[in-house]
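Data block for run_29.txt (compact mmCIF, N, CA and C atoms):
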```txt
# COMPACT_ATOMS: atom_id res chain seq x y z
N MET B 1 197.16 118.49 120.35
CA MET B 1 196.77 118.56 118.96
C MET B 1 195.26 118.69 118.82
N TYR B 2 194.50 118.07 119.74
CA TYR B 2 193.04 118.16 119.67
C TYR B 2 192.57 119.60 119.76
N GLU B 3 193.24 120.39 120.60
CA GLU B 3 192.86 121.79 120.76
C GLU B 3 193.03 122.55 119.45
N VAL B 4 194.02 122.16 118.68
CA VAL B 4 194.29 122.84 117.41
C VAL B 4 193.15 122.60 116.43
N ILE B 5 192.71 121.37 116.29
CA ILE B 5 191.65 121.09 115.32
C ILE B 5 190.25 121.31 115.90
N ALA B 6 190.16 121.63 117.17
CA ALA B 6 188.86 121.88 117.79
C ALA B 6 188.27 123.23 117.37
N SER B 7 189.06 124.06 116.75
CA SER B 7 188.60 125.38 116.30
C SER B 7 187.91 125.27 114.95
N LYS B 8 186.70 125.80 114.87
CA LYS B 8 185.94 125.82 113.62
C LYS B 8 186.73 126.57 112.53
N ASN B 9 187.35 127.68 112.90
CA ASN B 9 188.12 128.46 111.93
C ASN B 9 189.31 127.68 111.38
N ARG B 10 190.01 126.98 112.26
CA ARG B 10 191.17 126.21 111.80
C ARG B 10 190.74 125.03 110.94
N LEU B 11 189.63 124.40 111.27
CA LEU B 11 189.11 123.32 110.44
C LEU B 11 188.73 123.84 109.05
N GLU B 12 188.16 125.02 109.01
CA GLU B 12 187.80 125.62 107.72
C GLU B 12 189.05 125.92 106.89
N ILE B 13 190.10 126.40 107.53
CA ILE B 13 191.36 126.64 106.82
C ILE B 13 191.93 125.33 106.29
N LEU B 14 191.94 124.29 107.11
CA LEU B 14 192.45 122.99 106.67
C LEU B 14 191.64 122.45 105.49
N LYS B 15 190.32 122.60 105.56
CA LYS B 15 189.45 122.17 104.46
C LYS B 15 189.81 122.94 103.18
N THR B 16 190.00 124.24 103.30
CA THR B 16 190.35 125.08 102.16
C THR B 16 191.69 124.65 101.56
N LEU B 17 192.67 124.37 102.41
CA LEU B 17 193.99 123.98 101.93
C LEU B 17 194.02 122.55 101.39
N SER B 18 192.98 121.77 101.68
CA SER B 18 192.93 120.41 101.14
C SER B 18 192.67 120.41 99.64
N ARG B 19 192.18 121.52 99.14
CA ARG B 19 191.88 121.63 97.70
C ARG B 19 193.09 122.06 96.90
N ARG B 20 193.86 123.03 97.45
CA ARG B 20 195.09 123.49 96.80
C ARG B 20 195.77 124.51 97.69
N ASP B 21 197.02 124.82 97.38
CA ASP B 21 197.75 125.85 98.12
C ASP B 21 197.04 127.19 97.93
N ARG B 22 197.05 128.00 98.98
CA ARG B 22 196.37 129.30 98.92
C ARG B 22 197.23 130.36 99.59
N TYR B 23 197.05 131.62 99.16
CA TYR B 23 197.70 132.71 99.85
C TYR B 23 196.71 133.36 100.81
N VAL B 24 197.21 134.18 101.70
CA VAL B 24 196.42 134.69 102.83
C VAL B 24 195.11 135.34 102.38
N SER B 25 195.15 136.18 101.38
CA SER B 25 193.93 136.88 100.94
C SER B 25 192.85 135.90 100.48
N GLU B 26 193.25 134.84 99.81
CA GLU B 26 192.29 133.82 99.38
C GLU B 26 191.67 133.12 100.59
N ILE B 27 192.51 132.78 101.54
CA ILE B 27 192.02 132.11 102.75
C ILE B 27 191.05 133.02 103.50
N MET B 28 191.40 134.29 103.62
CA MET B 28 190.52 135.24 104.30
C MET B 28 189.15 135.30 103.62
N GLU B 29 189.14 135.36 102.32
CA GLU B 29 187.88 135.46 101.57
C GLU B 29 187.05 134.19 101.68
N ILE B 30 187.68 133.06 101.43
CA ILE B 30 186.97 131.78 101.44
C ILE B 30 186.42 131.46 102.84
N CYS B 31 187.24 131.72 103.86
CA CYS B 31 186.86 131.38 105.24
C CYS B 31 186.13 132.52 105.95
N ARG B 32 185.96 133.63 105.26
CA ARG B 32 185.26 134.80 105.81
C ARG B 32 185.87 135.25 107.15
N MET B 33 187.17 135.51 107.09
CA MET B 33 187.90 135.98 108.28
C MET B 33 188.59 137.29 107.94
N ASP B 34 188.81 138.11 108.97
CA ASP B 34 189.64 139.30 108.76
C ASP B 34 191.10 138.88 108.80
N GLY B 35 191.98 139.77 108.41
CA GLY B 35 193.40 139.45 108.32
C GLY B 35 194.03 139.02 109.63
N LYS B 36 193.69 139.71 110.70
CA LYS B 36 194.28 139.39 112.00
C LYS B 36 193.86 137.99 112.46
N ASN B 37 192.59 137.69 112.31
CA ASN B 37 192.07 136.38 112.72
C ASN B 37 192.67 135.27 111.86
N ALA B 38 192.71 135.46 110.56
CA ALA B 38 193.27 134.45 109.66
C ALA B 38 194.74 134.21 109.98
N LYS B 39 195.50 135.28 110.16
CA LYS B 39 196.93 135.15 110.45
C LYS B 39 197.16 134.41 111.76
N TYR B 40 196.35 134.69 112.78
CA TYR B 40 196.47 134.00 114.06
C TYR B 40 196.29 132.49 113.88
N HIS B 41 195.22 132.10 113.20
CA HIS B 41 194.95 130.67 113.02
C HIS B 41 195.98 130.00 112.11
N LEU B 42 196.43 130.70 111.09
CA LEU B 42 197.49 130.16 110.24
C LEU B 42 198.78 129.94 111.03
N ASN B 43 199.11 130.87 111.92
CA ASN B 43 200.31 130.71 112.76
C ASN B 43 200.20 129.51 113.67
N VAL B 44 199.02 129.30 114.28
CA VAL B 44 198.81 128.15 115.16
C VAL B 44 199.00 126.86 114.37
N LEU B 45 198.38 126.79 113.19
CA LEU B 45 198.50 125.59 112.36
C LEU B 45 199.94 125.35 111.90
N GLU B 46 200.65 126.43 111.59
CA GLU B 46 202.03 126.29 111.14
C GLU B 46 202.95 125.88 112.29
N GLU B 47 202.73 126.43 113.47
CA GLU B 47 203.56 126.07 114.64
C GLU B 47 203.41 124.60 115.01
N THR B 48 202.23 124.02 114.79
CA THR B 48 202.01 122.61 115.13
C THR B 48 202.46 121.68 114.01
N GLY B 49 202.85 122.24 112.87
CA GLY B 49 203.35 121.43 111.77
C GLY B 49 202.28 120.89 110.83
N LEU B 50 201.01 121.28 111.03
CA LEU B 50 199.96 120.79 110.15
C LEU B 50 200.00 121.45 108.78
N ILE B 51 200.49 122.69 108.73
CA ILE B 51 200.66 123.38 107.45
C ILE B 51 202.06 123.98 107.40
N ASN B 52 202.50 124.33 106.21
CA ASN B 52 203.73 125.09 106.07
C ASN B 52 203.51 126.14 105.00
N SER B 53 204.47 127.02 104.86
CA SER B 53 204.31 128.14 103.92
C SER B 53 205.54 128.29 103.04
N TYR B 54 205.34 128.98 101.96
CA TYR B 54 206.44 129.31 101.05
C TYR B 54 206.09 130.63 100.36
N ALA B 55 207.11 131.32 99.92
CA ALA B 55 206.91 132.60 99.24
C ALA B 55 207.02 132.42 97.74
N ARG B 56 206.14 133.10 97.04
CA ARG B 56 206.21 133.17 95.58
C ARG B 56 205.98 134.63 95.22
N GLY B 57 207.06 135.27 94.84
CA GLY B 57 206.98 136.72 94.63
C GLY B 57 206.73 137.41 95.95
N ARG B 58 205.73 138.25 95.98
CA ARG B 58 205.39 138.98 97.21
C ARG B 58 204.32 138.27 98.03
N ARG B 59 203.84 137.13 97.56
CA ARG B 59 202.77 136.41 98.25
C ARG B 59 203.32 135.26 99.08
N LYS B 60 202.69 135.05 100.22
CA LYS B 60 203.02 133.92 101.07
C LYS B 60 201.91 132.90 100.93
N TYR B 61 202.27 131.72 100.45
CA TYR B 61 201.31 130.65 100.24
C TYR B 61 201.38 129.65 101.40
N TYR B 62 200.24 129.03 101.67
CA TYR B 62 200.16 127.99 102.70
C TYR B 62 199.69 126.70 102.05
N ARG B 63 200.19 125.57 102.60
CA ARG B 63 199.79 124.25 102.11
C ARG B 63 199.78 123.27 103.28
N LEU B 64 199.05 122.19 103.10
CA LEU B 64 199.05 121.12 104.10
C LEU B 64 200.42 120.46 104.11
N SER B 65 200.87 120.09 105.29
CA SER B 65 202.17 119.43 105.42
C SER B 65 202.07 117.93 105.17
N GLY B 66 200.90 117.38 105.36
CA GLY B 66 200.71 115.94 105.19
C GLY B 66 199.23 115.62 105.25
N GLU B 67 198.93 114.39 105.58
CA GLU B 67 197.54 113.94 105.66
C GLU B 67 197.04 114.01 107.09
N ILE B 68 195.78 114.39 107.22
CA ILE B 68 195.12 114.46 108.52
C ILE B 68 193.84 113.63 108.40
N HIS B 69 193.67 112.67 109.28
CA HIS B 69 192.49 111.81 109.27
C HIS B 69 191.76 111.96 110.59
N LEU B 70 190.46 112.17 110.52
CA LEU B 70 189.62 112.22 111.70
C LEU B 70 188.39 111.38 111.40
N GLU B 71 188.19 110.36 112.20
CA GLU B 71 187.05 109.47 112.02
C GLU B 71 186.34 109.28 113.35
N ILE B 72 185.07 109.55 113.36
CA ILE B 72 184.26 109.35 114.57
C ILE B 72 183.02 108.59 114.14
N SER B 73 182.76 107.46 114.81
CA SER B 73 181.58 106.67 114.46
C SER B 73 180.80 106.31 115.72
N PRO B 74 179.48 106.10 115.57
CA PRO B 74 178.62 105.82 116.72
C PRO B 74 178.74 104.38 117.19
N PRO B 75 178.21 104.11 118.40
CA PRO B 75 178.17 102.73 118.90
C PRO B 75 177.30 101.89 117.97
N PRO B 76 177.39 100.61 117.95
CA PRO B 76 178.14 99.78 118.88
C PRO B 76 179.62 99.68 118.53
N GLY B 77 180.00 99.94 117.31
CA GLY B 77 181.42 99.82 116.97
C GLY B 77 182.17 101.12 117.18
N GLY B 78 181.53 102.07 117.87
CA GLY B 78 182.04 103.41 118.04
C GLY B 78 183.55 103.52 118.17
N ARG B 79 184.09 104.45 117.42
CA ARG B 79 185.52 104.68 117.53
C ARG B 79 185.83 106.14 117.26
N PHE B 80 186.95 106.54 117.79
CA PHE B 80 187.46 107.89 117.59
C PHE B 80 188.89 107.74 117.13
N LEU B 81 189.16 108.18 115.91
CA LEU B 81 190.49 108.03 115.33
C LEU B 81 190.96 109.38 114.82
N PHE B 82 192.11 109.79 115.28
CA PHE B 82 192.73 111.02 114.82
C PHE B 82 194.15 110.68 114.45
N TYR B 83 194.52 110.91 113.20
CA TYR B 83 195.82 110.50 112.71
C TYR B 83 196.40 111.60 111.83
N VAL B 84 197.64 111.96 112.09
CA VAL B 84 198.36 112.95 111.28
C VAL B 84 199.60 112.28 110.72
N SER B 85 199.78 112.37 109.42
CA SER B 85 200.94 111.81 108.77
C SER B 85 201.68 112.94 108.03
N ILE B 86 202.83 113.32 108.57
CA ILE B 86 203.61 114.39 107.97
C ILE B 86 204.96 113.80 107.56
N PRO B 87 205.25 113.82 106.26
CA PRO B 87 206.55 113.31 105.81
C PRO B 87 207.70 114.00 106.54
N SER B 88 208.75 113.28 106.84
CA SER B 88 209.86 113.83 107.62
C SER B 88 210.53 115.01 106.94
N ASP B 89 210.47 115.10 105.63
CA ASP B 89 211.09 116.23 104.93
C ASP B 89 210.25 117.51 105.02
N LYS B 90 209.04 117.44 105.59
CA LYS B 90 208.18 118.61 105.70
C LYS B 90 208.01 119.07 107.13
N LYS B 91 208.69 118.44 108.08
CA LYS B 91 208.57 118.82 109.49
C LYS B 91 209.44 120.02 109.77
```

Conversion result in structure tokens:
Amino acid sequence: MYEVIASKNRLEILKTLSRRDRYVSEIMEICRMDGKNAKYHLNVLEETGLINSYARGRRKYYRLSGEIHLEISPPPGGRFLFYVSIPSDKK
């Protein structure tokens, strides 16, 4: 899972989807990606269950499947926390 969120492009997509559901063209524009690159990263995120999609008319929309938490703090109390919570009905 770390490899999935280690990508700057995928993090940007997740950030974009945290605001509201989006269709591919919106994601491409906001994240400044071409169609092939955006589709690749969306597929990776969808295969891991972090996002899912639905169709509305001719458009395919993407949304977050659940909550994703990443917390990194410096010493002395330094910690690294990565937590994904996906409701069972969205897996």

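Neighbours of stretch 31-38 of chain B closer than or equal to 8 Å, with only N, CA and C atoms counted and sequence neighbours fewer than 4 positions away skipped, come out as Asn9, Glu12, Ile13, Thr16, Val24, Ser25, Glu26, Ile27, Leu42, Asn43 and Val44 of chain B.
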
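For the pair atom N of B:Leu81 and atom C of B:Ile68, the interatomic distance is 10.4 Å.
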
Practice task
Write out as a PyMOL selection string which residues come within 6.5 Å of B:Leu64 when counting all atoms listed in the file, dropping same-chain ones fewer than 3 positions away.
Solution key: chain B and resi 17-18+21+50-52+67

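Remark: for B:Gly66, the closest of the candidate residues B:Tyr23, B:Leu14, B:Val4, B:Pro87 is B:Pro87 (distances computed over all atoms listed in the file).
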
Practice task
Please identify which residues in chain B DSSP calls strand (DSSP E) from the backbone, and express them as a PyMOL selection string.
Solution key: chain B and resi 22-23+51-56+59-64+67-73+79-85
